[in-house]
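S.K.: Attaching a single structure in structure tokens format; questions to follow.
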Amino acid sequence: MLTVDTMRIEMGDFSLAGDFKIAPGVRVAVLGPSGAGKSTLLAAIAGFQPLDAGQILWDAQLMSKDPAARPISMVFQDNNLFPHLTVAQNVGLGLRPNLRLTAEEHARVAQALIRVGLEGMGDRKPAQLSGGQIARVALARVLLRDRPVLLLDEPFGALGPALKAEMLALVRDLLDETGATLLMVSHDPVDARVLCEQVVLVAGGEAHAPVATEEMFANPPEVMREYLGH
Ligand SMILES: Nc1ncnc2c1ncn2[C@@H]1O[C@H](COP(=O)(O)OP(=O)(O)OP(=O)(O)O)[C@@H](O)[C@H]1O
């Protein structure tokens, strides 16, 4: 269970509040207008954004101040790959930041690359990959880290519709295998309907409690109607 407990963040004119729980294994889309605080919410959960009040807990325990020690994997918009490292090294970082992998760990990296459809591409550099392949590398790293919470901040925004659908299907398969809890920021409400059973609406300075996706679209609140453009 992920608990956002009376959270408050203040940054100049901007503020964000939140007080809700997300059950384990649930897939949540984080939707809302530009600048509303979707990325800020994910950064707070990941430990990159300090809170001015409240706390964030996993399984009723306060999470570490150190983002690397949290039970979380995060993929950012640019898929955060290091350009000077190979694909296999970028994935290996998920296991060991110093890249001194054992033979068994090298084998796990190779397995993860096979799982995401990148067999034989471990020696390439990110510049030698397509956008879809780069997204797959980021997901292979997530798979190896094997954390119970996955945060995706618009990771497939730059991909065309067909590739994006392929990546969402891969994320769904990986979540089916790992049982991880997902929070995914997206600008496309269709993503929410394809992958997520709940929606957290971030608007008006608040990250609202999750609502069933069907309910959100069948009966959208005013701010959601504005956001959806109808
Ligand atoms: N360091 C900062 N100091 C003050 N305000 C900031 C800072 N960083 C971000 N903001 C503001 O915080 C607000 C929330 O930004 P955030 O990136 O979380 O929104 P978002 O909903 O993810 O937006 P988008 O959909 O455009 O990516 C924005 O209004 C932004 O201008």
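Convention: chains lettered A, B, ... in structure tokens order; per-chain residue numbering from 1; ligands numbered from 1 as shown.
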Could you give me, as a PyMOL selection string, the residues within 12 Å of Gln111 (chain A), counting only C-alpha atoms and dropping anything in the same chain fewer than 2 positions from it?
M.R.: chain A and resi 88+91-92+104-109+113-122+140-141+143-144
S.K.: Please identify every polymer residue within 8 Å of ligand 1, using only C-alpha atoms and all ligand atoms, and present the set as number ranges by chain.
M.R.: A: 11-15, 31-41, 185-187, 202
S.K.: Keeping only C-alpha atoms, write those residues as a compact mmCIF listing (two decimals), in the first residue's frame.
M.R.:
```txt
# COMPACT_ATOMS: atom_id res chain seq x y z
CA MET A 11 7.26 26.17 -4.56
CA GLY A 12 6.75 29.92 -4.89
CA ASP A 13 3.24 30.47 -6.27
CA PHE A 14 2.73 26.77 -6.82
CA SER A 15 1.45 24.38 -4.20
CA LEU A 31 -3.80 12.99 -15.42
CA GLY A 32 -4.32 16.74 -15.32
CA PRO A 33 -3.57 20.05 -17.00
CA SER A 34 -0.03 21.10 -17.89
CA GLY A 35 1.79 22.59 -14.91
CA ALA A 36 -0.72 21.16 -12.43
CA GLY A 37 1.93 19.13 -10.60
CA LYS A 38 1.88 15.60 -12.05
CA SER A 39 5.67 15.35 -12.30
CA THR A 40 5.99 16.97 -8.88
CA LEU A 41 3.78 14.25 -7.37
CA VAL A 185 1.82 10.39 -15.94
CA SER A 186 0.30 10.78 -19.37
CA HIS A 187 -1.10 13.54 -21.53
CA VAL A 202 -3.96 16.47 -10.42
```
S.K.: For Met1 (chain A), find every residue with an atom within 6 Å (counting only C-alpha atoms), except residues of its own chain fewer than 6 positions away, and show them as a PyMOL selection string.
M.R.: chain A and resi 22-24+58-59
S.K.: Any chance you could export the current selection's C-alpha atoms as a PDB file, in the first residue's frame?
M.R.:
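Output below, filename out37.pdb:
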```pdb
ATOM      1  CA  ILE A  22      -3.052   3.333  -3.547  1.00  0.00           C
ATOM      2  CA  ALA A  23      -3.560  -0.388  -3.087  1.00  0.00           C
ATOM      3  CA  PRO A  24      -0.719  -2.748  -4.066  1.00  0.00           C
ATOM      4  CA  TRP A  58       5.059   2.213   1.715  1.00  0.00           C
ATOM      5  CA  ASP A  59       3.470  -0.656   3.647  1.00  0.00           C
TER       6      ASP A  59
END
```
S.K.: What does the distance between CA of Leu163 (chain A) and CA of Asp191 (chain A) come to in Å, to one decimal place?
M.R.: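 If I compute the distance from CA of Leu163 (chain A) to CA of Asp191 (chain A), I get 12.6 Å.
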S.K.: From the list A:Met184, A:Leu228, A:Val30, A:Ser64, which residue is nearest Pro50 (chain A) when using only C-alpha atoms?
M.R.: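 Nearest to Pro50 (chain A): A:Ser64.
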S.K.: What gap, in Å, lies between CA of His84 (chain A) and CA of Pro126 (chain A)?
M.R.: 8.0 Å
S.K.: Find the residue from A:Ala162, A:Ala138, A:Ala43, A:Ala218 that sits nearest to Leu93 (chain A); use only C-alpha atoms when measuring.
M.R.: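 Answer, going by the shortest atom-to-atom distance: A:Ala138.
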S.K.: Could you go through region 68-210 of chain A and tell me which residues DSSP, when run on the backbone, assigns to alpha helix (DSSP H), listing them as a ChimeraX atom specification?
M.R.: /A:87-92,103-115,131-145,161-178,189-195
S.K.: Can you list, as an mmCIF file with N, CA and C atoms, in the first residue's frame, all residues belonging to chain A that DSSP tags as strand (DSSP E)?
M.R.:
```cif
data_model
loop_
_atom_site.group_PDB
_atom_site.id
_atom_site.type_symbol
_atom_site.label_atom_id
_atom_site.label_comp_id
_atom_site.auth_asym_id
_atom_site.auth_seq_id
_atom_site.Cartn_x
_atom_site.Cartn_y
_atom_site.Cartn_z
ATOM 1 N N LEU A 2 0.600 2.134 -0.956
ATOM 2 C CA LEU A 2 1.312 3.417 -1.001
ATOM 3 C C LEU A 2 0.406 4.466 -0.363
ATOM 4 N N THR A 3 0.926 5.155 0.657
ATOM 5 C CA THR A 3 0.114 6.139 1.374
ATOM 6 C C THR A 3 0.720 7.523 1.226
ATOM 7 N N VAL A 4 -0.038 8.425 0.633
ATOM 8 C CA VAL A 4 0.342 9.835 0.583
ATOM 9 C C VAL A 4 -0.468 10.486 1.704
ATOM 10 N N ASP A 5 0.236 10.824 2.781
ATOM 11 C CA ASP A 5 -0.438 11.223 4.020
ATOM 12 C C ASP A 5 -0.297 12.734 4.241
ATOM 13 N N THR A 6 -1.390 13.459 4.077
ATOM 14 C CA THR A 6 -1.458 14.922 4.269
ATOM 15 C C THR A 6 -0.227 15.638 3.701
ATOM 16 N N MET A 7 0.116 15.264 2.468
ATOM 17 C CA MET A 7 1.279 15.860 1.796
ATOM 18 C C MET A 7 1.015 17.310 1.413
ATOM 19 N N ARG A 8 2.030 18.126 1.557
ATOM 20 C CA ARG A 8 1.939 19.511 1.066
ATOM 21 C C ARG A 8 3.312 19.924 0.532
ATOM 22 N N ILE A 9 3.284 20.478 -0.692
ATOM 23 C CA ILE A 9 4.525 20.963 -1.317
ATOM 24 C C ILE A 9 4.293 22.413 -1.725
ATOM 25 N N GLU A 10 5.225 23.283 -1.397
ATOM 26 C CA GLU A 10 5.123 24.703 -1.767
ATOM 27 C C GLU A 10 6.356 25.066 -2.561
ATOM 28 N N MET A 11 6.127 25.650 -3.759
ATOM 29 C CA MET A 11 7.260 26.170 -4.559
ATOM 30 C C MET A 11 6.840 27.514 -5.124
ATOM 31 N N PHE A 14 3.322 28.088 -6.590
ATOM 32 C CA PHE A 14 2.733 26.768 -6.824
ATOM 33 C C PHE A 14 2.648 25.979 -5.524
ATOM 34 N N SER A 15 1.521 25.296 -5.342
ATOM 35 C CA SER A 15 1.451 24.383 -4.205
ATOM 36 C C SER A 15 0.690 23.129 -4.628
ATOM 37 N N LEU A 16 1.000 22.039 -3.962
ATOM 38 C CA LEU A 16 0.346 20.772 -4.270
ATOM 39 C C LEU A 16 0.060 20.037 -2.962
ATOM 40 N N ALA A 17 -1.198 19.622 -2.814
ATOM 41 C CA ALA A 17 -1.594 18.856 -1.632
ATOM 42 C C ALA A 17 -2.069 17.473 -2.094
ATOM 43 N N GLY A 18 -1.983 16.505 -1.195
ATOM 44 C CA GLY A 18 -2.494 15.172 -1.516
ATOM 45 C C GLY A 18 -2.662 14.359 -0.252
ATOM 46 N N ASP A 19 -3.728 13.559 -0.211
ATOM 47 C CA ASP A 19 -3.995 12.719 0.953
ATOM 48 C C ASP A 19 -4.795 11.506 0.467
ATOM 49 N N PHE A 20 -4.096 10.438 0.116
ATOM 50 C CA PHE A 20 -4.793 9.270 -0.448
ATOM 51 C C PHE A 20 -3.916 8.023 -0.336
ATOM 52 N N LYS A 21 -4.529 6.893 -0.628
ATOM 53 C CA LYS A 21 -3.808 5.614 -0.611
ATOM 54 C C LYS A 21 -3.963 4.933 -1.964
ATOM 55 N N ILE A 22 -2.961 4.146 -2.334
ATOM 56 C CA ILE A 22 -3.052 3.333 -3.547
ATOM 57 C C ILE A 22 -2.757 1.890 -3.157
ATOM 58 N N ARG A 27 -2.896 -0.164 -11.056
ATOM 59 C CA ARG A 27 -2.269 0.666 -12.087
ATOM 60 C C ARG A 27 -3.023 1.984 -12.166
ATOM 61 N N VAL A 28 -2.305 3.060 -11.913
ATOM 62 C CA VAL A 28 -2.934 4.368 -11.766
ATOM 63 C C VAL A 28 -2.388 5.326 -12.818
ATOM 64 N N ALA A 29 -3.291 5.959 -13.557
ATOM 65 C CA ALA A 29 -2.882 7.025 -14.471
ATOM 66 C C ALA A 29 -2.947 8.341 -13.727
ATOM 67 N N VAL A 30 -1.919 9.183 -13.890
ATOM 68 C CA VAL A 30 -1.892 10.509 -13.271
ATOM 69 C C VAL A 30 -2.174 11.511 -14.387
ATOM 70 N N LEU A 31 -3.350 12.092 -14.350
ATOM 71 C CA LEU A 31 -3.802 12.988 -15.424
ATOM 72 C C LEU A 31 -4.062 14.376 -14.858
ATOM 73 N N ALA A 53 5.061 19.403 4.181
ATOM 74 C CA ALA A 53 4.286 18.817 5.288
ATOM 75 C C ALA A 53 3.823 17.432 4.856
ATOM 76 N N GLY A 54 3.514 16.594 5.840
ATOM 77 C CA GLY A 54 3.010 15.254 5.552
ATOM 78 C C GLY A 54 4.131 14.257 5.293
ATOM 79 N N GLN A 55 3.731 13.080 4.847
ATOM 80 C CA GLN A 55 4.722 12.030 4.609
ATOM 81 C C GLN A 55 4.196 11.031 3.578
ATOM 82 N N ILE A 56 5.133 10.258 3.023
ATOM 83 C CA ILE A 56 4.753 9.229 2.061
ATOM 84 C C ILE A 56 5.273 7.892 2.591
ATOM 85 N N LEU A 57 4.367 6.919 2.660
ATOM 86 C CA LEU A 57 4.715 5.635 3.269
ATOM 87 C C LEU A 57 4.496 4.503 2.278
ATOM 88 N N TRP A 58 5.280 3.455 2.452
ATOM 89 C CA TRP A 58 5.059 2.213 1.715
ATOM 90 C C TRP A 58 4.883 1.110 2.761
ATOM 91 N N GLN A 61 5.252 2.120 6.335
ATOM 92 C CA GLN A 61 6.560 2.558 6.847
ATOM 93 C C GLN A 61 7.039 3.768 6.072
ATOM 94 N N LEU A 62 7.587 4.713 6.792
ATOM 95 C CA LEU A 62 8.151 5.893 6.174
ATOM 96 C C LEU A 62 9.249 5.463 5.210
ATOM 97 N N ILE A 72 11.227 1.717 -5.256
ATOM 98 C CA ILE A 72 10.670 2.387 -6.433
ATOM 99 C C ILE A 72 11.631 2.345 -7.618
ATOM 100 N N SER A 73 11.083 2.134 -8.812
ATOM 101 C CA SER A 73 11.826 2.393 -10.054
ATOM 102 C C SER A 73 11.115 3.522 -10.768
ATOM 103 N N MET A 74 11.897 4.396 -11.405
ATOM 104 C CA MET A 74 11.262 5.512 -12.115
ATOM 105 C C MET A 74 11.854 5.660 -13.501
ATOM 106 N N VAL A 75 10.986 5.894 -14.475
ATOM 107 C CA VAL A 75 11.443 6.196 -15.839
ATOM 108 C C VAL A 75 10.935 7.584 -16.197
ATOM 109 N N VAL A 149 7.104 -0.652 -6.760
ATOM 110 C CA VAL A 149 6.384 0.509 -7.297
ATOM 111 C C VAL A 149 7.118 1.012 -8.542
ATOM 112 N N LEU A 150 6.368 1.205 -9.630
ATOM 113 C CA LEU A 150 6.938 1.724 -10.870
ATOM 114 C C LEU A 150 6.313 3.085 -11.160
ATOM 115 N N LEU A 151 7.169 4.085 -11.357
ATOM 116 C CA LEU A 151 6.705 5.428 -11.695
ATOM 117 C C LEU A 151 7.143 5.744 -13.119
ATOM 118 N N LEU A 152 6.199 6.034 -13.986
ATOM 119 C CA LEU A 152 6.514 6.368 -15.373
ATOM 120 C C LEU A 152 6.046 7.801 -15.626
ATOM 121 N N ASP A 153 7.002 8.691 -15.962
ATOM 122 C CA ASP A 153 6.636 10.084 -16.223
ATOM 123 C C ASP A 153 6.635 10.314 -17.725
ATOM 124 N N THR A 181 2.991 -2.023 -8.480
ATOM 125 C CA THR A 181 2.027 -0.920 -8.494
ATOM 126 C C THR A 181 2.544 0.135 -9.472
ATOM 127 N N LEU A 182 1.661 0.674 -10.300
ATOM 128 C CA LEU A 182 2.098 1.647 -11.309
ATOM 129 C C LEU A 182 1.455 3.008 -11.091
ATOM 130 N N LEU A 183 2.263 4.066 -11.172
ATOM 131 C CA LEU A 183 1.725 5.416 -11.358
ATOM 132 C C LEU A 183 2.332 5.954 -12.636
ATOM 133 N N MET A 184 1.490 6.318 -13.606
ATOM 134 C CA MET A 184 1.976 6.748 -14.907
ATOM 135 C C MET A 184 1.385 8.103 -15.287
ATOM 136 N N VAL A 185 2.268 9.096 -15.437
ATOM 137 C CA VAL A 185 1.821 10.392 -15.940
ATOM 138 C C VAL A 185 1.634 10.277 -17.438
ATOM 139 N N GLN A 198 -7.300 2.848 -12.353
ATOM 140 C CA GLN A 198 -7.669 4.027 -11.566
ATOM 141 C C GLN A 198 -6.980 5.269 -12.128
ATOM 142 N N VAL A 199 -7.556 6.424 -11.803
ATOM 143 C CA VAL A 199 -6.984 7.705 -12.221
ATOM 144 C C VAL A 199 -6.817 8.595 -10.995
ATOM 145 N N VAL A 200 -5.624 9.194 -10.879
ATOM 146 C CA VAL A 200 -5.416 10.291 -9.924
ATOM 147 C C VAL A 200 -5.434 11.574 -10.744
ATOM 148 N N LEU A 201 -6.369 12.444 -10.448
ATOM 149 C CA LEU A 201 -6.470 13.711 -11.149
ATOM 150 C C LEU A 201 -5.684 14.760 -10.366
ATOM 151 N N VAL A 202 -4.734 15.406 -11.056
ATOM 152 C CA VAL A 202 -3.958 16.469 -10.418
ATOM 153 C C VAL A 202 -4.417 17.791 -11.023
ATOM 154 N N ALA A 203 -5.045 18.605 -10.219
ATOM 155 C CA ALA A 203 -5.597 19.876 -10.711
ATOM 156 C C ALA A 203 -5.928 20.767 -9.526
ATOM 157 N N GLU A 206 -4.210 20.218 -6.147
ATOM 158 C CA GLU A 206 -4.431 18.988 -5.380
ATOM 159 C C GLU A 206 -4.254 17.738 -6.248
ATOM 160 N N ALA A 207 -3.587 16.739 -5.674
ATOM 161 C CA ALA A 207 -3.586 15.402 -6.267
ATOM 162 C C ALA A 207 -4.749 14.667 -5.611
ATOM 163 N N VAL A 211 -9.697 7.401 -8.515
ATOM 164 C CA VAL A 211 -11.078 7.079 -8.880
ATOM 165 C C VAL A 211 -10.998 6.011 -9.971
ATOM 166 N N ALA A 212 -11.957 5.089 -10.016
ATOM 167 C CA ALA A 212 -11.958 4.073 -11.064
ATOM 168 C C ALA A 212 -11.968 4.754 -12.434
#
```
